[in-house]
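Asker: Quick one: structure below, then a few questions.
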Amino acid sequence: MTDMPPTRFRVVERGRRLEVIDTQAKKPYAPAPQKPLDLASLPTGAVDRAKANDRAWLPTKIRFDGGSVWTTQRFYDAKGPRTLTLNAGTVGQLRMAAGILIAAFIGWLILASFVPALLGLPLLLASEKTRETLRNAVTDWIDRLQSTS
């Protein structure tokens, strides 16, 4: 009986990481150098997680009862960006407002398919005065949300 052939791959530990080396490859594999992890830059609390969140328009849940942290944007909040801590009831109001906006947009699309003149409605948002009025109304609503939480 013959002996087993030597294995093609070898596993080596380097810097607390396991690396697989192909012994029959023409060029040895060299992993890209990695910079050390900076623990100071990692988010530590729920507010930091909300700031680091890619989906900044959504509240980040911080408590089991539904309390959340929400960071507003300057696009729709005249006082933004600001971070608000909301209770479960306020988060419910925020979700209800989002649902109403989505339903209104879908209704506008359906109505605009029958009345093409309504397709020009978004052009009203091109006016600085209209955008400022809407932004101030949303800011007032956010201020009321903040006072109830």
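Labels used: A, B, ... for chains in the order of the structure tokens, numbers from 1 for residues in each chain, and numbers from 1 for ligands as shown.
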Residues at most 12 Å from region 133-143 of chain A, counting only C-alpha atoms, excluding those fewer than 2 positions away in the same chain, as a ChimeraX atom specification?

Answerer: /A:70-86,90-91,93-94,97,124-131,145-149

Asker: Suppose you want the space between CA of Gly66 (chain A) and CA of Arg95 (chain A); what is it in Å?

Answerer: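 Distance reported for this atom pair: 12.2 Å.
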
Asker: When you count only C-alpha atoms, which of these residues is closest to Ala98 (chain A): A:Val69, A:Leu58, A:Leu123, A:Ile110?

Answerer: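 Of A:Val69, A:Leu58, A:Leu123, A:Ile110, the one nearest Ala98 (chain A), counting only C-alpha atoms, is A:Leu58.
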